[in-house]
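Trainee: Just dropping this structure here.
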Amino acid sequence: MKITVLDGHAANPGDISWDAIKALGEFTVYERTPAEKVVERIGDSDIIFLNKIKITREIVSQCPNLKYIGVLATGYNVVDTVACREKGIVVTNIPAYSTDAVAQHVFAFILTFANQVAAHSESVHAGGWIKNPDFCYWLSPLTELSGKTLGIFGFGNIGQKVAKIAHAMGMQVIVHVHSEKSFTGGEKTVTTEELFRQSNYITLHAPMTDETANLINEKTLALMKPTAILINTARGGLVDEKAVRSALENKKIAGYAADVILNEPMSADCPLYKAPNCLLTPHIAWAPKETRERLLKIAEENIKAFMNGKPINVVN
């Protein structure tokens with residue numbers, strides 16, 4: 001089997017090993033692949049792995065030897081799964097590998113707003129404490145999380161993990177789920193409107209669908225408390241970025257934090273660029289070393305199952 005990785009740098013910039021997958025066939029890895037070279041680099045490969053490379057119907061039609069596409073992520077919207085199914089190409093993803101890491105990142109955002117650690121450390125190192133007449137000082141209000149309400153929109157693996165951490169912090173948790181009929185959790189379920197009105201912090205954990213596109217807009221932002229914080233580690237398309245910037249500038253909400261934006265990588269005209277009270281990280285919630293090692297292990301298991309004629313984690 002000829003195995004080609006089209007954009008390996010994101011999952012493995014060199015700090016973990018491809019060896020387990022490499023042992024399964026003739027192996028080539030490209031750090032990045034521009035769109036115009038995708039077909040050429042796939043060539044006569046039987047198996048390809050990718051993260052954000054788009055595999056369209058046209059590309060599929062030009063790669064007759066292709067039998068398997070492994071997406072090195074949970075989301076697989078970059079692949080035309082219908083075209084692949086028609087051609088008998090198996091497409092798999094990596095489910096539930098980053099649950100702990102993303103939940104951790106959510107609370108990194110929450111605690112950044114609540115405790116302002118970096119801002120105070122920078123002030124101390126700039127001489128602020130040396131010059132201060134009192135034994136302590138603070139630059140902005142500090143917040144105790146215990147007793148605050150965390151609203152979780154979407155209650156899959158990550159949402160559930162976030163809820164567990166919130167409870168450990170003494171927070172009250174409310175959730176909005178796609179279907180209350182199928183909901184078996186112990187959390188209080190609320191409508192979308194109730195979630196936005198009641199929460200001190202809101203964190204998004206829903207997939208990107210026609211129903212959730214621009215979930216965060218002028219109308220839903222207007223429901224939020226002016227002291228509330230909004231967090232997005234799910235998908236950039238859930239958020240109307242212009243509406244969020246306006247809400248921040250007009251102090252309709254107290255802060256926004258995101259690990260994802262609509263168009264990645266960021267361009268200079270992104271509405272969130274340099275917005276006030278806005279924390280942005282470059283899509284790294286999934287990226288701890290341990291998490292990426294788990295990702296490659298699942299990728300290995302996926303490909304072995306496919307080779308044994310019993311594919312797992314198939315999305316088409």
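By order of appearance in the structure tokens: chains A, B, ..., then residues from 1 within every chain, and ligands from 1 in the order shown.
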List as a VMD selection string the protein and nucleic acid residues near Ser121 in chain A, meaning an atom at most 12 Å away when only C-alpha atoms are counted, but skip any in the same chain fewer than 5 places from it.
Mentor: chain A and resid 115 to 116 126 to 129 137 to 139
Trainee: Would you return as a list of chain:residue names the members of range 98-190 of chain A that DSSP assigns to strand (DSSP E or B) on this structure's backbone?
Mentor: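 The residues of range 98-190 of chain A classed as strand (DSSP E or B) are A:Thr149, A:Leu150, A:Gly151, A:Ile152, A:Phe153, A:Gln172, A:Val173, A:Ile174, A:Val175, A:His176, A:Lys188, A:Thr189.
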Trainee: Set the distance at 8 Å and use only C-alpha atoms: which residues neighbour range 148-161 of chain A once local chain neighbours fewer than 6 positions away are removed? I'd like the list as a list in words.
Mentor: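 Near neighbours after the sequence-gap exclusion: Ala96, Thr99, Asp100, Val102, Ala103, Gly170, Met171, Gln172, Val173, Ile174, Val175, His176, Val177, His178, Thr192, Leu195, Phe196, Gln198, Ser199, Asn200, Tyr201, Ile202, Thr203, Leu204, His205 and Ala206 of chain A.
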Trainee: So how far away is CA of Pro271 in chain A from CA of Ala254 in chain A, in Å?
Mentor: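 Distance reported for this atom pair: 16.9 Å.
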Trainee: Tell me, as a PyMOL selection string, which residues lie within 12 Å of Thr81 in chain A, counting only C-alpha atoms; anything in the same chain fewer than 2 positions away does not count.
Mentor: chain A and resi 54-57+60+68-71+75-79+83-93+314-316
Trainee: Can you pull out every residue within 7 Å of Lys2 in chain A, counting only C-alpha atoms, but drop anything in the same chain fewer than 4 positions away, and send it as a ChimeraX atom specification?
Mentor: /A:25-27,45-47
Trainee: Could you please take those selected residues and save C-alpha atoms as a compact mmCIF listing (two decimals), in the first residue's frame?
Mentor:
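Everything below was put into result.txt:
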```txt
# COMPACT_ATOMS: atom_id res chain seq x y z
CA GLY A 25 3.36 0.66 3.62
CA GLU A 26 5.35 2.85 1.25
CA PHE A 27 5.18 6.10 3.18
CA SER A 45 -1.48 6.51 -3.57
CA ASP A 46 -3.86 3.92 -2.15
CA ILE A 47 -4.18 5.77 1.16
```
Trainee: Find the residues near Glu300 in chain A: any atom within 8 Å, counting only C-alpha atoms, skip ones fewer than 3 places away on the same chain, and give them as a PyMOL selection string.
Mentor: chain A and resi 20-21+296-297+303-304
Trainee: How would the residues just picked look written out with all heavy atoms as a PDB file, in the first residue's frame?
Mentor:
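Produced file selection-v3.pdb, reproduced below:
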```pdb
ATOM      1  N   ALA A  20       4.782   4.212  13.386  1.00  0.00           N
ATOM      2  CA  ALA A  20       3.781   3.143  13.396  1.00  0.00           C
ATOM      3  C   ALA A  20       3.005   3.105  12.079  1.00  0.00           C
ATOM      4  O   ALA A  20       2.717   2.022  11.554  1.00  0.00           O
ATOM      5  CB  ALA A  20       2.826   3.325  14.569  1.00  0.00           C
ATOM      6  N   ILE A  21       2.678   4.276  11.538  1.00  0.00           N
ATOM      7  CA  ILE A  21       1.975   4.325  10.250  1.00  0.00           C
ATOM      8  C   ILE A  21       2.948   4.044   9.109  1.00  0.00           C
ATOM      9  O   ILE A  21       2.618   3.351   8.141  1.00  0.00           O
ATOM     10  CB  ILE A  21       1.283   5.691  10.073  1.00  0.00           C
ATOM     11  CG1 ILE A  21       0.187   5.868  11.133  1.00  0.00           C
ATOM     12  CG2 ILE A  21       0.694   5.835   8.673  1.00  0.00           C
ATOM     13  CD1 ILE A  21      -0.476   7.221  11.143  1.00  0.00           C
ATOM     14  N   LEU A 296      -2.590  10.231  16.408  1.00  0.00           N
ATOM     15  CA  LEU A 296      -1.863   9.346  15.494  1.00  0.00           C
ATOM     16  C   LEU A 296      -2.073   7.878  15.847  1.00  0.00           C
ATOM     17  O   LEU A 296      -2.081   7.014  14.959  1.00  0.00           O
ATOM     18  CB  LEU A 296      -0.370   9.685  15.480  1.00  0.00           C
ATOM     19  CG  LEU A 296       0.023  11.000  14.800  1.00  0.00           C
ATOM     20  CD1 LEU A 296       1.534  11.067  14.605  1.00  0.00           C
ATOM     21  CD2 LEU A 296      -0.677  11.177  13.454  1.00  0.00           C
ATOM     22  N   LYS A 297      -2.252   7.582  17.120  1.00  0.00           N
ATOM     23  CA  LYS A 297      -2.527   6.204  17.518  1.00  0.00           C
ATOM     24  C   LYS A 297      -3.870   5.754  16.958  1.00  0.00           C
ATOM     25  O   LYS A 297      -4.009   4.624  16.445  1.00  0.00           O
ATOM     26  CB  LYS A 297      -2.513   6.093  19.044  1.00  0.00           C
ATOM     27  CG  LYS A 297      -2.801   4.686  19.570  1.00  0.00           C
ATOM     28  CD  LYS A 297      -1.763   3.679  19.090  1.00  0.00           C
ATOM     29  CE  LYS A 297      -2.022   2.295  19.656  1.00  0.00           C
ATOM     30  NZ  LYS A 297      -1.079   1.281  19.100  1.00  0.00           N
ATOM     31  N   ILE A 303      -6.338   2.747  10.095  1.00  0.00           N
ATOM     32  CA  ILE A 303      -5.773   2.197   8.862  1.00  0.00           C
ATOM     33  C   ILE A 303      -5.595   0.680   8.962  1.00  0.00           C
ATOM     34  O   ILE A 303      -5.813  -0.050   7.988  1.00  0.00           O
ATOM     35  CB  ILE A 303      -4.451   2.912   8.500  1.00  0.00           C
ATOM     36  CG1 ILE A 303      -4.031   2.579   7.070  1.00  0.00           C
ATOM     37  CG2 ILE A 303      -3.332   2.590   9.442  1.00  0.00           C
ATOM     38  CD1 ILE A 303      -2.841   3.383   6.590  1.00  0.00           C
ATOM     39  N   LYS A 304      -5.226   0.185  10.132  1.00  0.00           N
ATOM     40  CA  LYS A 304      -5.095  -1.261  10.308  1.00  0.00           C
ATOM     41  C   LYS A 304      -6.451  -1.947  10.138  1.00  0.00           C
ATOM     42  O   LYS A 304      -6.552  -3.019   9.513  1.00  0.00           O
ATOM     43  CB  LYS A 304      -4.512  -1.582  11.679  1.00  0.00           C
ATOM     44  CG  LYS A 304      -3.012  -1.336  11.791  1.00  0.00           C
ATOM     45  CD  LYS A 304      -2.507  -1.684  13.192  1.00  0.00           C
ATOM     46  CE  LYS A 304      -0.996  -1.541  13.290  1.00  0.00           C
ATOM     47  NZ  LYS A 304      -0.510  -1.829  14.674  1.00  0.00           N
TER      48      LYS A 304
END
```
Trainee: Got a sec: who's within 12 Å of Lys289 in chain A, counting only C-alpha atoms, leaving out chain neighbours fewer than 6 positions off, as JSON, numbers by chain?
Mentor: {"A": [10, 11, 12, 13, 14, 15, 16, 17, 97, 98, 101, 295, 296]}
Trainee: Just write the chosen residues, all heavy atoms, as a PDB file, in the first residue's frame.
Mentor:
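Full text of result.pdb as output:
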```pdb
ATOM      1  N   ALA A  10       0.862  20.160  10.855  1.00  0.00           N
ATOM      2  CA  ALA A  10      -0.022  20.582  11.953  1.00  0.00           C
ATOM      3  C   ALA A  10      -0.109  19.510  13.033  1.00  0.00           C
ATOM      4  O   ALA A  10       0.054  19.794  14.221  1.00  0.00           O
ATOM      5  CB  ALA A  10      -1.416  20.900  11.415  1.00  0.00           C
ATOM      6  N   ALA A  11      -0.343  18.260  12.633  1.00  0.00           N
ATOM      7  CA  ALA A  11      -0.453  17.183  13.613  1.00  0.00           C
ATOM      8  C   ALA A  11       0.897  16.783  14.177  1.00  0.00           C
ATOM      9  O   ALA A  11       1.004  16.413  15.345  1.00  0.00           O
ATOM     10  CB  ALA A  11      -1.136  15.968  12.981  1.00  0.00           C
ATOM     11  N   ASN A  12       1.922  16.883  13.340  1.00  0.00           N
ATOM     12  CA  ASN A  12       3.248  16.433  13.777  1.00  0.00           C
ATOM     13  C   ASN A  12       4.341  17.322  13.198  1.00  0.00           C
ATOM     14  O   ASN A  12       4.904  17.029  12.138  1.00  0.00           O
ATOM     15  CB  ASN A  12       3.483  14.979  13.364  1.00  0.00           C
ATOM     16  CG  ASN A  12       4.833  14.462  13.837  1.00  0.00           C
ATOM     17  OD1 ASN A  12       5.504  15.091  14.645  1.00  0.00           O
ATOM     18  ND2 ASN A  12       5.225  13.306  13.330  1.00  0.00           N
ATOM     19  N   PRO A  13       4.662  18.409  13.898  1.00  0.00           N
ATOM     20  CA  PRO A  13       5.732  19.292  13.428  1.00  0.00           C
ATOM     21  C   PRO A  13       7.129  18.742  13.693  1.00  0.00           C
ATOM     22  O   PRO A  13       8.118  19.424  13.477  1.00  0.00           O
ATOM     23  CB  PRO A  13       5.483  20.582  14.214  1.00  0.00           C
ATOM     24  CG  PRO A  13       4.829  20.131  15.477  1.00  0.00           C
ATOM     25  CD  PRO A  13       3.997  18.950  15.100  1.00  0.00           C
ATOM     26  N   GLY A  14       7.194  17.504  14.192  1.00  0.00           N
ATOM     27  CA  GLY A  14       8.486  16.874  14.406  1.00  0.00           C
ATOM     28  C   GLY A  14       8.725  16.377  15.811  1.00  0.00           C
ATOM     29  O   GLY A  14       9.757  15.763  16.095  1.00  0.00           O
ATOM     30  N   ASP A  15       7.754  16.601  16.707  1.00  0.00           N
ATOM     31  CA  ASP A  15       7.960  16.208  18.095  1.00  0.00           C
ATOM     32  C   ASP A  15       7.354  14.854  18.443  1.00  0.00           C
ATOM     33  O   ASP A  15       7.507  14.361  19.560  1.00  0.00           O
ATOM     34  CB  ASP A  15       7.410  17.282  19.039  1.00  0.00           C
ATOM     35  CG  ASP A  15       5.928  17.567  18.828  1.00  0.00           C
ATOM     36  OD1 ASP A  15       5.378  17.186  17.770  1.00  0.00           O
ATOM     37  OD2 ASP A  15       5.314  18.180  19.725  1.00  0.00           O
ATOM     38  N   ILE A  16       6.647  14.231  17.502  1.00  0.00           N
ATOM     39  CA  ILE A  16       6.132  12.883  17.703  1.00  0.00           C
ATOM     40  C   ILE A  16       6.481  12.041  16.477  1.00  0.00           C
ATOM     41  O   ILE A  16       7.059  12.551  15.514  1.00  0.00           O
ATOM     42  CB  ILE A  16       4.612  12.869  17.993  1.00  0.00           C
ATOM     43  CG1 ILE A  16       3.834  13.570  16.879  1.00  0.00           C
ATOM     44  CG2 ILE A  16       4.315  13.535  19.317  1.00  0.00           C
ATOM     45  CD1 ILE A  16       2.319  13.566  17.101  1.00  0.00           C
ATOM     46  N   SER A  17       6.151  10.767  16.499  1.00  0.00           N
ATOM     47  CA  SER A  17       6.655   9.851  15.474  1.00  0.00           C
ATOM     48  C   SER A  17       5.563   9.356  14.529  1.00  0.00           C
ATOM     49  O   SER A  17       4.454   9.037  14.954  1.00  0.00           O
ATOM     50  CB  SER A  17       7.319   8.647  16.144  1.00  0.00           C
ATOM     51  OG  SER A  17       7.714   7.692  15.189  1.00  0.00           O
ATOM     52  N   TYR A  97     -10.687  12.413  20.386  1.00  0.00           N
ATOM     53  CA  TYR A  97      -9.290  12.338  20.824  1.00  0.00           C
ATOM     54  C   TYR A  97      -8.871  13.557  21.640  1.00  0.00           C
ATOM     55  O   TYR A  97      -7.915  13.505  22.411  1.00  0.00           O
ATOM     56  CB  TYR A  97      -8.354  12.205  19.607  1.00  0.00           C
ATOM     57  CG  TYR A  97      -8.195  13.480  18.822  1.00  0.00           C
ATOM     58  CD1 TYR A  97      -7.113  14.325  19.037  1.00  0.00           C
ATOM     59  CD2 TYR A  97      -9.153  13.867  17.899  1.00  0.00           C
ATOM     60  CE1 TYR A  97      -6.983  15.516  18.348  1.00  0.00           C
ATOM     61  CE2 TYR A  97      -9.035  15.049  17.196  1.00  0.00           C
ATOM     62  CZ  TYR A  97      -7.957  15.873  17.412  1.00  0.00           C
ATOM     63  OH  TYR A  97      -7.835  17.049  16.729  1.00  0.00           O
ATOM     64  N   SER A  98      -9.585  14.687  21.472  1.00  0.00           N
ATOM     65  CA  SER A  98      -9.121  15.951  22.058  1.00  0.00           C
ATOM     66  C   SER A  98     -10.032  16.477  23.159  1.00  0.00           C
ATOM     67  O   SER A  98      -9.938  17.638  23.543  1.00  0.00           O
ATOM     68  CB  SER A  98      -8.998  17.014  20.959  1.00  0.00           C
ATOM     69  OG  SER A  98     -10.268  17.284  20.369  1.00  0.00           O
ATOM     70  N   ALA A 101      -8.227  18.016  26.225  1.00  0.00           N
ATOM     71  CA  ALA A 101      -7.439  19.191  25.866  1.00  0.00           C
ATOM     72  C   ALA A 101      -8.323  20.402  25.586  1.00  0.00           C
ATOM     73  O   ALA A 101      -8.020  21.520  26.022  1.00  0.00           O
ATOM     74  CB  ALA A 101      -6.565  18.879  24.647  1.00  0.00           C
ATOM     75  N   LEU A 295      -4.055  11.099  18.711  1.00  0.00           N
ATOM     76  CA  LEU A 295      -4.604  11.220  17.364  1.00  0.00           C
ATOM     77  C   LEU A 295      -3.916  10.253  16.399  1.00  0.00           C
ATOM     78  O   LEU A 295      -4.575   9.517  15.649  1.00  0.00           O
ATOM     79  CB  LEU A 295      -4.446  12.672  16.873  1.00  0.00           C
ATOM     80  CG  LEU A 295      -4.952  13.020  15.477  1.00  0.00           C
ATOM     81  CD1 LEU A 295      -5.409  14.471  15.437  1.00  0.00           C
ATOM     82  CD2 LEU A 295      -3.899  12.807  14.408  1.00  0.00           C
ATOM     83  N   LEU A 296      -2.590  10.231  16.408  1.00  0.00           N
ATOM     84  CA  LEU A 296      -1.863   9.346  15.494  1.00  0.00           C
ATOM     85  C   LEU A 296      -2.073   7.878  15.847  1.00  0.00           C
ATOM     86  O   LEU A 296      -2.081   7.014  14.959  1.00  0.00           O
ATOM     87  CB  LEU A 296      -0.370   9.685  15.480  1.00  0.00           C
ATOM     88  CG  LEU A 296       0.023  11.000  14.800  1.00  0.00           C
ATOM     89  CD1 LEU A 296       1.534  11.067  14.605  1.00  0.00           C
ATOM     90  CD2 LEU A 296      -0.677  11.177  13.454  1.00  0.00           C
TER      91      LEU A 296
END
```
Trainee: From the options A:Phe183, A:Phe135, A:Tyr273, A:Phe107, which residue's atoms come nearest to Ala168 in chain A, counting only C-alpha atoms?
Mentor: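 Of the candidates, the smallest distance to Ala168 in chain A is held by A:Phe107.
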Trainee: So which bits of range 68-229 of chain A end up helix (DSSP H, G or I) when you DSSP the backbone, as JSON, numbers by chain?
Mentor: {"A": [81, 82, 83, 84, 85, 86, 99, 100, 101, 102, 103, 104, 105, 106, 107, 108, 109, 110, 111, 112, 113, 114, 115, 117, 118, 119, 120, 121, 122, 123, 124, 125, 128, 129, 130, 131, 157, 158, 159, 160, 161, 162, 163, 164, 165, 166, 167, 168, 180, 181, 182, 192, 193, 194, 195, 196, 197, 198, 218, 219, 220, 221, 222, 223]}
Trainee: Could the residues in this selection be written to a file with C-alpha atoms, as a PDB file, in the first residue's frame?
Mentor:
```
ATOM      1  CA  THR A  81     -17.830  12.243   1.319  1.00  0.00           C
ATOM      2  CA  VAL A  82     -20.608  11.668  -1.217  1.00  0.00           C
ATOM      3  CA  ALA A  83     -18.154  11.597  -4.133  1.00  0.00           C
ATOM      4  CA  CYS A  84     -15.909   9.268  -2.143  1.00  0.00           C
ATOM      5  CA  ARG A  85     -18.766   6.902  -1.360  1.00  0.00           C
ATOM      6  CA  GLU A  86     -19.712   6.781  -5.042  1.00  0.00           C
ATOM      7  CA  THR A  99     -11.895  16.065  24.664  1.00  0.00           C
ATOM      8  CA  ASP A 100      -9.656  16.706  27.667  1.00  0.00           C
ATOM      9  CA  ALA A 101      -7.439  19.191  25.866  1.00  0.00           C
ATOM     10  CA  VAL A 102     -10.289  21.328  24.521  1.00  0.00           C
ATOM     11  CA  ALA A 103     -12.098  21.364  27.875  1.00  0.00           C
ATOM     12  CA  GLN A 104      -8.828  22.448  29.486  1.00  0.00           C
ATOM     13  CA  HIS A 105      -8.518  25.264  26.945  1.00  0.00           C
ATOM     14  CA  VAL A 106     -12.030  26.468  27.728  1.00  0.00           C
ATOM     15  CA  PHE A 107     -11.041  26.926  31.356  1.00  0.00           C
ATOM     16  CA  ALA A 108      -7.762  28.555  30.376  1.00  0.00           C
ATOM     17  CA  PHE A 109      -9.923  31.215  28.727  1.00  0.00           C
ATOM     18  CA  ILE A 110     -12.345  31.437  31.656  1.00  0.00           C
ATOM     19  CA  LEU A 111      -9.557  31.758  34.202  1.00  0.00           C
ATOM     20  CA  THR A 112      -7.757  34.347  32.087  1.00  0.00           C
ATOM     21  CA  PHE A 113     -10.808  36.582  32.323  1.00  0.00           C
ATOM     22  CA  ALA A 114     -11.480  35.742  35.975  1.00  0.00           C
ATOM     23  CA  ASN A 115      -7.966  36.054  37.405  1.00  0.00           C
ATOM     24  CA  VAL A 117      -2.824  36.382  35.802  1.00  0.00           C
ATOM     25  CA  ALA A 118      -0.807  37.417  32.738  1.00  0.00           C
ATOM     26  CA  ALA A 119      -1.758  41.090  33.029  1.00  0.00           C
ATOM     27  CA  HIS A 120      -0.766  41.220  36.691  1.00  0.00           C
ATOM     28  CA  SER A 121       2.462  39.315  36.122  1.00  0.00           C
ATOM     29  CA  GLU A 122       3.413  41.735  33.352  1.00  0.00           C
ATOM     30  CA  SER A 123       2.628  44.656  35.677  1.00  0.00           C
ATOM     31  CA  VAL A 124       4.804  43.204  38.440  1.00  0.00           C
ATOM     32  CA  HIS A 125       7.716  42.640  36.047  1.00  0.00           C
ATOM     33  CA  GLY A 128       4.321  48.007  39.422  1.00  0.00           C
ATOM     34  CA  TRP A 129       4.625  46.142  42.709  1.00  0.00           C
ATOM     35  CA  ILE A 130       7.953  47.758  43.531  1.00  0.00           C
ATOM     36  CA  LYS A 131       6.371  51.178  43.187  1.00  0.00           C
ATOM     37  CA  ASN A 157     -18.075  14.651  24.867  1.00  0.00           C
ATOM     38  CA  ILE A 158     -16.390  18.041  25.238  1.00  0.00           C
ATOM     39  CA  GLY A 159     -19.441  19.786  26.669  1.00  0.00           C
ATOM     40  CA  GLN A 160     -19.809  17.046  29.244  1.00  0.00           C
ATOM     41  CA  LYS A 161     -16.140  17.309  30.236  1.00  0.00           C
ATOM     42  CA  VAL A 162     -16.458  21.082  30.587  1.00  0.00           C
ATOM     43  CA  ALA A 163     -19.463  20.566  32.861  1.00  0.00           C
ATOM     44  CA  LYS A 164     -17.459  18.256  35.155  1.00  0.00           C
ATOM     45  CA  ILE A 165     -14.703  20.854  35.511  1.00  0.00           C
ATOM     46  CA  ALA A 166     -17.268  23.583  36.130  1.00  0.00           C
ATOM     47  CA  HIS A 167     -18.862  21.597  38.932  1.00  0.00           C
ATOM     48  CA  ALA A 168     -15.425  21.095  40.501  1.00  0.00           C
ATOM     49  CA  GLU A 180     -34.155  17.000  24.937  1.00  0.00           C
ATOM     50  CA  LYS A 181     -35.897  13.701  24.142  1.00  0.00           C
ATOM     51  CA  SER A 182     -32.536  11.972  23.702  1.00  0.00           C
ATOM     52  CA  THR A 192     -31.322  28.970  23.630  1.00  0.00           C
ATOM     53  CA  GLU A 193     -32.839  32.226  24.881  1.00  0.00           C
ATOM     54  CA  GLU A 194     -32.664  31.121  28.519  1.00  0.00           C
ATOM     55  CA  LEU A 195     -29.050  30.040  28.085  1.00  0.00           C
ATOM     56  CA  PHE A 196     -28.028  33.458  26.794  1.00  0.00           C
ATOM     57  CA  ARG A 197     -30.027  35.384  29.383  1.00  0.00           C
ATOM     58  CA  GLN A 198     -28.974  33.418  32.481  1.00  0.00           C
ATOM     59  CA  GLU A 218     -26.858  40.653  17.094  1.00  0.00           C
ATOM     60  CA  LYS A 219     -30.055  39.082  18.443  1.00  0.00           C
ATOM     61  CA  THR A 220     -28.435  36.452  20.666  1.00  0.00           C
ATOM     62  CA  LEU A 221     -25.691  38.821  21.826  1.00  0.00           C
ATOM     63  CA  ALA A 222     -28.382  41.292  22.897  1.00  0.00           C
ATOM     64  CA  LEU A 223     -29.798  38.649  25.239  1.00  0.00           C
TER      65      LEU A 223
END
```
Trainee: Please, what distance in Å, to one decimal, runs between CA of Ala23 in chain A and CA of Ala287 in chain A?
Mentor: 24.3 Å
Trainee: So how far away is CA of Leu6 in chain A from CA of Lys37 in chain A, in Å?
Mentor: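 That distance, rounded to one decimal, is 9.7 Å.
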